[in-house]
Amino acid sequence: MLFRSPLARLAGLHDAPAAGQTWSLTAESLAGATFDGSAAKDIVRRGFTDRVAATAWSRAGAVARLEVPSNVTLTEPVLLHHAGDGAAAYGQLDVVVGQHAQATVILDHTGSGSLAANVDIDVAAGGRLTFVSIQDWDGGAVHASHHRVTLGRDATVKHIVVTLGGDVVRILPSVDYTGPGGAAEMIGLYFAGPGEHAEHRLFVDHSVGHCRSNVDRKSTRLNSSHT
């Protein structure tokens, strides 16, 4: 399902994707965490929201994996950066926060081209994560991404999405709880200029009892398409 996305402007990411490359992420401020930008795709992934997300997984040559060990508190944010070079790219990022660990992770996108990417965030029991995704693309860029958050018992996440640029930017965050006591705060902000399409679609599954969520979205309309 693509909701009200302008299919003709998705650079073929939803249809017959053009040849592309695995996205290249750089990492900074890793004190206490580990990062592997080219980990093997050694497990089967299921439950994708749509064809774009499934294509991102199938065409990504490797997995970028950031891990915060259990009982570790990071004192500075981890910075991850993708710089588009005008080509099509596909990616998979895993963010794994161990039991009772605490971290802030900032994922920044700049440059041009098209990107189909999945971000899987797994916060174990008692873990706390602030995750910030910034889309500061050049004009003409296309970006479609599914952020899948899984929270363990008493785990918390603050998930922030900020879209500042790009022709079409479509971010789909979702939250699943695996134990009671989980809490999710989902915050979004986007600015869409004339002719640009910014879309943030959320889904929180409250099938587990005694969990909480708070969702807040703000936008600025400049004679543009937005969702």
# chains A, B, ... in the order shown; residues from 1 in each chain; ligands from 1
$ closest_atom_pairs --of "range 152-174 of chain A" --to "range 27-48 of chain A" --cutoff "12 Å" --atoms "only C-alpha atoms" --output "Markdown table"
| residue | atom | partner | partner_atom | distance |
| --- | --- | --- | --- | --- |
| A:Leu172 | CA | A:Phe48 | CA | 10.8 |
| A:Pro173 | CA | A:Phe48 | CA | 11.6 |
| A:Ser174 | CA | A:Phe48 | CA | 10.7 |
$ residues_around --residues "range 61-77 of chain A" --least-positions-apart "6" --cutoff "10 Å" --atoms "only C-alpha atoms" --output "PyMOL selection string"
chain A and resi 21-42+90-106+118-132
$ closest_atom_pairs --of "range 108-141 of chain A" --to "range 53-59 of chain A" --cutoff "9 Å" --atoms "only C-alpha atoms" --output "Markdown table"
| residue | atom | partner | partner_atom | distance |
| --- | --- | --- | --- | --- |
| A:Leu115 | CA | A:Ala56 | CA | 8.5 |
| A:Ala116 | CA | A:Ala56 | CA | 5.2 |
| A:Ala117 | CA | A:Ala56 | CA | 5.3 |
| A:Asn118 | CA | A:Ala53 | CA | 6.3 |
$ select_by_dssp --residues "range 117-196 of chain A" --states "strand (DSSP E or B)" --output "ChimeraX atom specification"
/A:117-123,128-136,142-151,156-165,168-177,183-192
$ atom_distance --atom1 "CA of Gly140 in chain A" --atom2 "CA of Asp167 in chain A"
4.6 Å
$ closest_residue --among "A:Val175, A:Val168, A:Leu107, A:Ala144" --to "Ser207 in chain A" --atoms "only C-alpha atoms"
A:Val175
$ residues_around --residues "Gly20 in chain A" --least-positions-apart "2" --cutoff "7 Å" --atoms "only C-alpha atoms" --output "PyMOL selection string"
chain A and resi 18+87-90
$ atom_distance --atom1 "CA of Lys158 in chain A" --atom2 "CA of Gly209 in chain A"
19.4 Å
$ residues_around --residues "range 160-164 of chain A" --least-positions-apart "2" --cutoff "10 Å" --atoms "only C-alpha atoms" --output "ChimeraX atom specification"
/A:106-109,130-138,157-158,166,169-173,185-193,198-200,216-219
$ closest_residue --among "A:His197, A:Thr178, A:Ala183, A:Arg51" --to "Ala141 in chain A" --atoms "only C-alpha atoms"
A:His197
$ closest_residue --among "A:Arg148, A:Asn214, A:Gly139, A:Leu79" --to "Pro194 in chain A" --atoms "only C-alpha atoms"
A:Gly139
$ closest_residue --among "A:Val52, A:Asp205, A:Ser213, A:Val149" --to "Ser114 in chain A" --atoms "only C-alpha atoms"
A:Val52
